[in-house]
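Worksheet for the structure shown next.
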Amino acid sequence: MSAPASDVLLEARSASIVFGGLKALSEFSLTVRKGELLGLIGPNGAGKTTAFNVLTGVYQPTSGEVRVCGERVNGMRPFQVNRRGLARTFQNIRLFKSLTALDNVKVACLAETHPLFSRARVESLQRSGLRPLATALDAANDYYDWWRALLLTPGFQAEEEALTAKALALLEVMGLAGRAHEEARNLPYGEQRRLEIARALGTRPKVLLLDEPAAGMNTREKAELMVLIGQLRDRFGLGILVIEHDMKLVMGICERITVLDHGETIAAGTGAEVRANPKVVEAYLGDAPAPGAGGAA
Amino acid sequence: MRSLLPALLAAASLLAGCEKKQPAQAPAAPATPELKAPAAPPPASDVILLGEVGSLTGAEATFGQSTHEGIQLALEQANAAGGVNGKKLEVRVYDDQGKPEEAANAAVRLINQDKVKLILGEVASTNSLAMADKAQAAKVPMVSPSSTNEAVTQKGDYIFRVCFIDPFQGYAMAKFARETLKLQNVAVLQDNKSAYSTGLTGVFQLRFAEMGGKVAGVESYSKGDTDFRAQLTALKKAKPDGIYIPGYYTDVGLIARQAQELGLKAVLLGGDGWESEKLFELGGSAVDGSYYTNHYSPDSPNPATQAFISAYKAKHNGKVPDSLAALAYDAANVAVAALRKSKSLEGPDIRDALAQTKDFDGAAGKLTLDEKRNATKPAVVLKVENGKAVFAASVSP
Amino acid sequence: MSDFLQHVINGLSAGTIYALVALGYTMVYGVLKLINFAHGDVMMMGTYVGYASALQFKQRGGFGMASVLAIFFLSMAACAAVGWLIERFAYRPLREKPKLTALITAIGISFAVSYGFQMDWGFLPGPNPRAFPEVIRRQPWLTLLDGEVTLWNWQVISFAVALGLMAGLQYLVFRTRFGRAMRAVSHDHRTAALLGIHTDRVIAVTFMLGSALAAGAGILFAIKDVKIEPLMGTQQGLKAFVAAVIGGIGNVPGAVVGAVLLGLVEEFVVGYTASSWRDAVAFGFLILVLLLRPEGLFGRVTAEKV
Amino acid sequence: MVPPGLRGVLPVVLACLALAAGQRLFGGQEFFVYVASLVGVNVVLAVSLNVVNGMTGQFSIGHAGFMAVGAYAAGRLSLPLGDVAVSGLPVAASDQLLFAVSLLAGGVAAAACGFVVGLPSLRLKGDYLAIVTLGFGEIVRVIIQNTPALGGALGLSGIPQRGSLFAVWLCAFLAVLVARRIAESSHGRSLTAIREDEVAAEAMGVNTTAYKVRAFVVSAFFAGVAGGLFAHFVPIINPGSFTFVKSMEVVVMVVAGGLGSTTGSILAAVVLTLLPEALRSGFNRFAGEGAGAVVDQVRMPVYGLLLVVLMLARPQGLFGTRELWDRRKGQGARP
């Protein structure tokens, strides 16, 4: 891989998806590099979440391609895409409600376990076309893991402790340390949002996709969250893509912004460029009260 | 007998090799904790307790109830006649809900908790088989009134029955169909869910062919089905002059109706599973002219039969006893006779007395227990006429 | 030749009954996305109501056109009421709960009803089978191939009723205001409620319609196969459900096509191969269809909302 | 303090000792042993079904099918082994060894079926999966009915009666232990994650399909073992013992105990097995011979109503998803 491309973590090239004749997303292109914080905005129903679903493998693009860390992920299932370094949160919070905050994060910390056959080897087998063998090794890993869990081997116990430590550390980062043993459904809304981020971080992502992380928060909370997101990027060396309804907020912190409307990319560029784009103004004006289409200055 | 464990399995179990069990160490039964035969006789009491297992609930509840009525009548009469050597007879009943595992459980309870001297039951062969294992191991004699499957008494020398066995019943119908009805080409429709039905099918097929008839085809259904047209259409192709349906009355009535609807003009033949008032309700006029084998006919002039019928009617508001009641009555009476003859009330003695039963004048015909502990007795063939079963013939072994 | 034709008639005739039961399944699934496991048992109850009323008419002297219609009407009305009760008290409180809870409830009702009817207390019929009176005099309607093959009047009637009901339902769903409301509720009942549709009422009416259909199917079944017993609904219900899934559950013509297909497949398996495998074949067919085309033959793929 | 290396096996050793003592004390009482064995088998069934229905949230209603496969595989294997012994071992030990081998074979055969049934779950959810499992149970029954080597409708009888209190309850203990340890490992968390939100679990790197299939495999394995145990203490097994009704009995246990709670499954299995038994003898004793029949008549309708009432009033069941041994969550719940 060439040097400049190596810090490209996520790339969509003309990805389109059609639902029953309707183009939900057309010719969507985007590049996220290491250390970048990008925004994805657009009015309701513009296709932002659809774009996320295409990027993460929930939907398969009808045409075009998606690459994570240089590898084409078309046709992969979401967990495979995730294991390549892409983690996300959900617009309508999807926590594991009856699990504790700690366990929510621990579920995601699968990358911390030490399988019999390394994950890299299984993946490389998969890539080289020996899929049945890869599946078999994967299953062997699981059964090996089961035996360790059943016999409570010292290695397994140590690993559990390491997992807990790691998960606690992530909760700490998101300011949830005191809530570790609370069931997720009992957390207040804002904390649930933050727990989702902590959980996503548990998968050791290289790119983080945040779907309206500040939805339902008041202005002060939103500002705090945005600062926190910036810190995450620096601390973990992530590329971050944020969907946000509040244009003002996005303009404040994102280096570059992509604007979607009716599945089409109508503008892309820095905050200033986007703001100046007449199509954007029109899209937002057409959408009802323009959410501060010029107020970020 | 004891055999050698295959070498392959030995290797699999990572063991050097296998050998025959030492007969001295484990005689007939496996080495797991054995059922203890009732030890020392309980303090002399004036009651002899018998056990009964039957399906008092579930789909076969009527079987269990008829059987119970037959047994009760027999014991009442025996007690009225002075009991056994001055001791009264009592029966303890357990319900097995028609399930074999419950039947076995009930047998265990009767043997170990209630310490009964003898067990009566069951109707369904599967359940009798389950009980027979327990009774044989504990050396408690068991008399089945109406389990016709061959395997039941093969369980051991403590297991008896007072009815004929399926091979004879199948033979009787084959003989009747071939010799009396002069049928050439008979098809079979069996109930695949019931061992009784598949067993009879096998025997009938064999015997009918031996007698020079032709079995045109065998089709199956599952008890509880309601649509038999596919099977009947397939059978119709062979143009049979008779169809043997060794099933239960619940299904047979419908089969008869649908055969009529499809224009099948064959005589329908069956076994003792047909015996029920419901057959005429479900089958309507379609079952008229059919024949089935049974254990007894209420029309029989036999004085023992008539005495039983009038006693039963007196007790149950004029209800005519079915063959299950008659067989149960016989089973109980055979047991009582054996208890009276027996040297002691120990299992082996009762067993020996039972084995000597000969020319016993039962409500369902004269019977002798053969060396395989099965009853040798004639079967009757009944003909359905205008919603009634009437005596048509008797077939002797 | 004659046996082939006879098999086709048998298969169609069995499929017709499956179809009528399957229509109810499909309608309820359409609006509620719930497998109403108790549907077959509602059918059983309808048959018993029909049985009771038929006995009354029989005592008063035979069956005319009016009395047959009355039998149908009585049992359909009774089942509509039962359907309403079940929906109101067993399913509605669970509408916002996970799907599994409603499925478990449905299975519970099915068990309670079918085994409850096996008890012989009070008005309950007990486990013994009954013979349904001959309310429609059986007559050959058409005789083919020198009398080798007969098409009976009741077969034709059942088939016509099934087709008529299918057409009627299709009209109801796609051409009426109520149908539009049904479709809206089916799509998303919360949004439908926001749009001013009385979702509770739409669902209740659909349920009652489906249950009434089941009662009608039950009586046609009893005319066809005569024997009725408390557990009959489970078997017929399961087969009908299989038919509905094969056709694409939620799809009205699909249910009928699936049912007829299932009837024919069963018939030919029994008729031409081993007859003891009928039930295994039905479920095997279902699993095959689900694996190859999970949405059924006529169903549409729906993307899950994320 | 237990050294970490021993923590895994210590409970098993302790259980073995306790069970051996129990076997000495009660082993001679036939009826007690029978009922206790029945309870034990039902505990294994309920706990194993809970792995799929409770922990993973996939609804299987064909558990009796797996039990049947296990019972027939183990029983068929044991049948010719009744008269053989392994050399160099006392007869009793050899019998128990062969018994263990049969049980294992039953478990493995059922697990293989679990794998096959689990596969459709790659594509099917909820209701559809439930129907496939139901269909599987029916197909198994039809196959057994049509296989002469398995005794057809008559069933298999003459299987050496090697089951014992010790064997049954050791299996029950192991099933509980396995369920508990799976639940407390990353696998169990992944299974619960699938139950709570499949999409989110997948997005967090959980291979949901593989986990679901494996949950089916484990669950089926123990159902098979339960079947094997059953076959070795009832004298005859036939297809009629493994119907949809049996599956539903187990479902009722799991649901009543609380979907996802192993403790609840155990408790419900014990209560729902003993209660009818106790009621039946109680009725027989106090209301006259035969009155106990009422219990069996009302049992199934009551189970049905129980499901409905539970779902309406307490959908989480007796225990919810809580466990008796769950101390951590208890602490967390207190402010």
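Identifiers in this document derive from the order of the structure tokens: chains are assigned A, B, ..., residues are numbered from 1 separately in each chain, and ligands are numbered from 1 in order of occurrence.
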Members of segment 76-193 of chain A assigned alpha helix (DSSP H) by DSSP, as a PyMOL selection string: chain A and resi 78-83+101-108+119-127+131-151+154-173+189-193
Interface, chain D side, toward chain A (8 Å; only C-alpha atoms) as a PyMOL selection string: chain D and resi 4-5+7-9+177-178+181-182+185-187+189-190+192-193+196-197+200+202-207+210+328-329+331-333
Residues of chain C within 9 Å of chain D, only C-alpha atoms counted, as a count of residues only: 46
Atomic separation - atom CA of Asn50 of chain D relative to atom CA of Thr273 of chain D, Å: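 Between atom CA of Thr273 of chain D and atom CA of Asn50 of chain D the gap is 16.8 Å.
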Distance filter 9 Å, only C-alpha atoms, chain B against chain C, as a ChimeraX atom specification: /B:58-59,61,191-192,219-222,224-227,229-237,250-251,253-254,257-258,261-263,278,281-284
7 Å contacts from chain D to chain B using only C-alpha atoms, as a ChimeraX atom specification: /D:30-31,82-87,91-92,145,153-154,160,162,234-236,293,296-297
Check: which chain A residues lie within 9 Å of chain C using only C-alpha atoms, as JSON, numbers by chain: {"A": [19, 49, 50, 53, 58, 59, 90, 91, 92]}
Store the residues picked out above in a file with N, CA, C and O atoms, as a PDB file, in the first residue's frame.
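Output contents, as saved in part25.pdb:
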ATOM      1  N   PHE A  19     -33.900   0.636  -2.965  1.00  0.00           N
ATOM      2  CA  PHE A  19     -34.936  -0.147  -2.275  1.00  0.00           C
ATOM      3  C   PHE A  19     -36.196  -0.119  -3.107  1.00  0.00           C
ATOM      4  O   PHE A  19     -36.814   0.931  -3.242  1.00  0.00           O
ATOM      5  N   THR A  49     -28.623   7.852   7.760  1.00  0.00           N
ATOM      6  CA  THR A  49     -28.502   6.555   8.442  1.00  0.00           C
ATOM      7  C   THR A  49     -28.336   5.432   7.432  1.00  0.00           C
ATOM      8  O   THR A  49     -27.592   4.477   7.667  1.00  0.00           O
ATOM      9  N   THR A  50     -28.986   5.587   6.259  1.00  0.00           N
ATOM     10  CA  THR A  50     -28.794   4.597   5.193  1.00  0.00           C
ATOM     11  C   THR A  50     -27.313   4.528   4.814  1.00  0.00           C
ATOM     12  O   THR A  50     -26.752   3.446   4.628  1.00  0.00           O
ATOM     13  N   ASN A  53     -25.551   2.560   7.313  1.00  0.00           N
ATOM     14  CA  ASN A  53     -25.848   1.128   7.181  1.00  0.00           C
ATOM     15  C   ASN A  53     -25.094   0.510   6.019  1.00  0.00           C
ATOM     16  O   ASN A  53     -24.685  -0.642   6.080  1.00  0.00           O
ATOM     17  N   VAL A  58     -24.662  -3.364   7.101  1.00  0.00           N
ATOM     18  CA  VAL A  58     -26.041  -3.769   7.390  1.00  0.00           C
ATOM     19  C   VAL A  58     -26.808  -3.911   6.076  1.00  0.00           C
ATOM     20  O   VAL A  58     -27.553  -4.855   5.872  1.00  0.00           O
ATOM     21  N   TYR A  59     -26.609  -2.949   5.180  1.00  0.00           N
ATOM     22  CA  TYR A  59     -27.138  -3.059   3.813  1.00  0.00           C
ATOM     23  C   TYR A  59     -25.973  -3.253   2.865  1.00  0.00           C
ATOM     24  O   TYR A  59     -24.893  -2.721   3.082  1.00  0.00           O
ATOM     25  N   PHE A  90     -25.900   3.943  17.380  1.00  0.00           N
ATOM     26  CA  PHE A  90     -27.179   3.948  16.678  1.00  0.00           C
ATOM     27  C   PHE A  90     -27.993   5.182  17.038  1.00  0.00           C
ATOM     28  O   PHE A  90     -27.932   5.682  18.160  1.00  0.00           O
ATOM     29  N   GLN A  91     -28.763   5.619  16.047  1.00  0.00           N
ATOM     30  CA  GLN A  91     -29.599   6.800  16.244  1.00  0.00           C
ATOM     31  C   GLN A  91     -30.617   6.561  17.365  1.00  0.00           C
ATOM     32  O   GLN A  91     -30.746   7.355  18.286  1.00  0.00           O
ATOM     33  N   ASN A  92     -31.337   5.417  17.244  1.00  0.00           N
ATOM     34  CA  ASN A  92     -32.270   5.050  18.310  1.00  0.00           C
ATOM     35  C   ASN A  92     -31.541   4.053  19.187  1.00  0.00           C
ATOM     36  O   ASN A  92     -31.440   2.899  18.860  1.00  0.00           O
TER      37      ASN A  92
END
Coordinates-based distance that separates atom CA of Asp211 of chain A from atom CA of Glu172 of chain A (Å, one decimal):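 According to the coordinates, atom CA of Glu172 of chain A and atom CA of Asp211 of chain A are separated by 21.7 Å.
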Surrounding residues of Pro321 of chain B excluding itself and chain neighbours under 6 positions, 9 Å, only C-alpha atoms, as a PyMOL selection string: chain B and resi 66+70+298+308-309+312-313
Filtered DSSP result for segment 19-245 of chain A, state strand (DSSP E), as a PyMOL selection string: chain A and resi 19+22-33+37-41+63-68+71-72+86-88+207-211+239-243
Limited to C-alpha atoms, could you put the picked residues into a file as a PDB file, in the first residue's frame?
ATOM      1  CA  PHE A  19     -34.936  -0.147  -2.275  1.00  0.00           C
ATOM      2  CA  LEU A  22     -36.255   3.956  -4.924  1.00  0.00           C
ATOM      3  CA  LYS A  23     -32.694   5.235  -4.742  1.00  0.00           C
ATOM      4  CA  ALA A  24     -32.103   5.640  -1.030  1.00  0.00           C
ATOM      5  CA  LEU A  25     -28.482   6.531  -1.569  1.00  0.00           C
ATOM      6  CA  SER A  26     -26.823   7.395  -4.828  1.00  0.00           C
ATOM      7  CA  GLU A  27     -23.202   7.783  -5.756  1.00  0.00           C
ATOM      8  CA  PHE A  28     -22.101   8.273  -2.181  1.00  0.00           C
ATOM      9  CA  SER A  29     -18.366   8.935  -1.877  1.00  0.00           C
ATOM     10  CA  LEU A  30     -16.442   9.769   1.242  1.00  0.00           C
ATOM     11  CA  THR A  31     -12.964   9.406   2.709  1.00  0.00           C
ATOM     12  CA  VAL A  32     -12.091   9.334   6.386  1.00  0.00           C
ATOM     13  CA  ARG A  33      -8.432   9.598   7.346  1.00  0.00           C
ATOM     14  CA  LEU A  37     -13.426  14.364  12.445  1.00  0.00           C
ATOM     15  CA  LEU A  38     -16.015  14.590   9.666  1.00  0.00           C
ATOM     16  CA  GLY A  39     -19.655  15.503   9.647  1.00  0.00           C
ATOM     17  CA  LEU A  40     -22.562  14.053   7.697  1.00  0.00           C
ATOM     18  CA  ILE A  41     -25.605  16.277   7.672  1.00  0.00           C
ATOM     19  CA  SER A  63     -23.334  -0.576  -6.819  1.00  0.00           C
ATOM     20  CA  GLY A  64     -20.086   1.057  -5.837  1.00  0.00           C
ATOM     21  CA  GLU A  65     -17.784  -0.110  -3.090  1.00  0.00           C
ATOM     22  CA  VAL A  66     -16.758   0.459   0.500  1.00  0.00           C
ATOM     23  CA  ARG A  67     -13.226  -0.010   1.777  1.00  0.00           C
ATOM     24  CA  VAL A  68     -12.061  -0.193   5.361  1.00  0.00           C
ATOM     25  CA  GLU A  71      -9.809  -3.619   2.172  1.00  0.00           C
ATOM     26  CA  ARG A  72     -13.008  -3.993   0.192  1.00  0.00           C
ATOM     27  CA  LEU A  86     -15.276   0.117  11.960  1.00  0.00           C
ATOM     28  CA  ALA A  87     -17.508   0.718  14.957  1.00  0.00           C
ATOM     29  CA  ARG A  88     -20.746   2.618  15.233  1.00  0.00           C
ATOM     30  CA  VAL A 207     -13.001   4.550  12.592  1.00  0.00           C
ATOM     31  CA  LEU A 208     -15.971   5.494  14.701  1.00  0.00           C
ATOM     32  CA  LEU A 209     -19.346   6.299  13.168  1.00  0.00           C
ATOM     33  CA  LEU A 210     -21.605   8.245  15.498  1.00  0.00           C
ATOM     34  CA  ASP A 211     -25.269   8.502  14.574  1.00  0.00           C
ATOM     35  CA  GLY A 239     -11.117   8.793  12.361  1.00  0.00           C
ATOM     36  CA  ILE A 240     -14.622   9.868  13.309  1.00  0.00           C
ATOM     37  CA  LEU A 241     -17.705  10.431  11.196  1.00  0.00           C
ATOM     38  CA  VAL A 242     -20.625  12.101  12.944  1.00  0.00           C
ATOM     39  CA  ILE A 243     -24.217  12.358  11.799  1.00  0.00           C
TER      40      ILE A 243
END
Distance query Gly175 of chain A at most 10 Å, only C-alpha atoms, self and fewer than 6 positions along chain excluded, as a list in words: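 Close residues of Gly175 of chain A: Ala169, Glu191, Arg194, Leu195, Ala198 and Leu228 of chain A.
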Atomic separation - atom CA of Ile266 of chain D relative to atom CA of Ala46 of chain D, Å: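 Separating atom CA of Ala46 of chain D from atom CA of Ile266 of chain D is a distance of 6.9 Å.
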Shell around Arg88 of chain C at 12 Å using only C-alpha atoms, local window under 2 positions removed, as a list in words: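 The contact residues come out as Ala80, Ala81, Val82, Gly83, Trp84, Leu85, Ile86, Ala90, Tyr91, Arg92, Pro93, Leu94, Arg95, Asp200, Arg201, Ile203, Ala204, Val205, Phe207 and Met208 of chain C; Leu312 of chain D.
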Leu137 of chain A environment, 10 Å, only C-alpha atoms, sequence neighbours closer than 2 positions dropped, as a PyMOL selection string: chain A and resi 115-119+121-122+125+131-135+139-143
Leu150 of chain D surroundings by only C-alpha atoms, 8 Å radius, close-in-sequence under 6 positions cut, as number ranges by chain: D: 72, 76, 144, 156
Just write the chosen residues, all heavy atoms, as a short mmCIF file (atom, residue, chain, number, x, y, z; two decimals), in the first residue's frame.
data_model
loop_
_atom_site.label_atom_id
_atom_site.label_comp_id
_atom_site.auth_asym_id
_atom_site.auth_seq_id
_atom_site.Cartn_x
_atom_site.Cartn_y
_atom_site.Cartn_z
N TYR D 72 -32.99 -42.33 21.75
CA TYR D 72 -32.89 -43.45 20.82
C TYR D 72 -31.45 -43.81 20.51
O TYR D 72 -31.11 -44.99 20.40
CB TYR D 72 -33.69 -43.17 19.54
CG TYR D 72 -35.13 -43.63 19.68
CD1 TYR D 72 -36.10 -42.78 20.17
CD2 TYR D 72 -35.48 -44.92 19.37
CE1 TYR D 72 -37.40 -43.21 20.33
CE2 TYR D 72 -36.77 -45.37 19.52
CZ TYR D 72 -37.73 -44.51 20.00
OH TYR D 72 -39.00 -44.95 20.17
N ARG D 76 -30.38 -47.32 21.73
CA ARG D 76 -30.03 -48.29 20.69
C ARG D 76 -28.62 -48.81 20.90
O ARG D 76 -28.32 -49.98 20.66
CB ARG D 76 -30.16 -47.63 19.32
CG ARG D 76 -30.12 -48.59 18.16
CD ARG D 76 -31.38 -49.45 18.16
NE ARG D 76 -31.25 -50.63 17.32
CZ ARG D 76 -30.66 -51.76 17.69
NH1 ARG D 76 -30.13 -51.86 18.89
NH2 ARG D 76 -30.57 -52.80 16.87
N ILE D 144 -38.62 -42.02 13.41
CA ILE D 144 -38.52 -43.13 14.37
C ILE D 144 -39.64 -44.13 14.14
O ILE D 144 -39.42 -45.34 14.12
CB ILE D 144 -38.58 -42.60 15.81
CG1 ILE D 144 -37.34 -41.76 16.11
CG2 ILE D 144 -38.67 -43.75 16.81
CD1 ILE D 144 -37.38 -41.06 17.43
N LEU D 156 -38.55 -48.98 21.88
CA LEU D 156 -37.43 -49.83 22.28
C LEU D 156 -37.65 -50.27 23.70
O LEU D 156 -37.85 -49.44 24.58
CB LEU D 156 -36.12 -49.04 22.22
CG LEU D 156 -35.42 -48.84 20.88
CD1 LEU D 156 -34.09 -48.17 21.11
CD2 LEU D 156 -35.23 -50.17 20.17
#
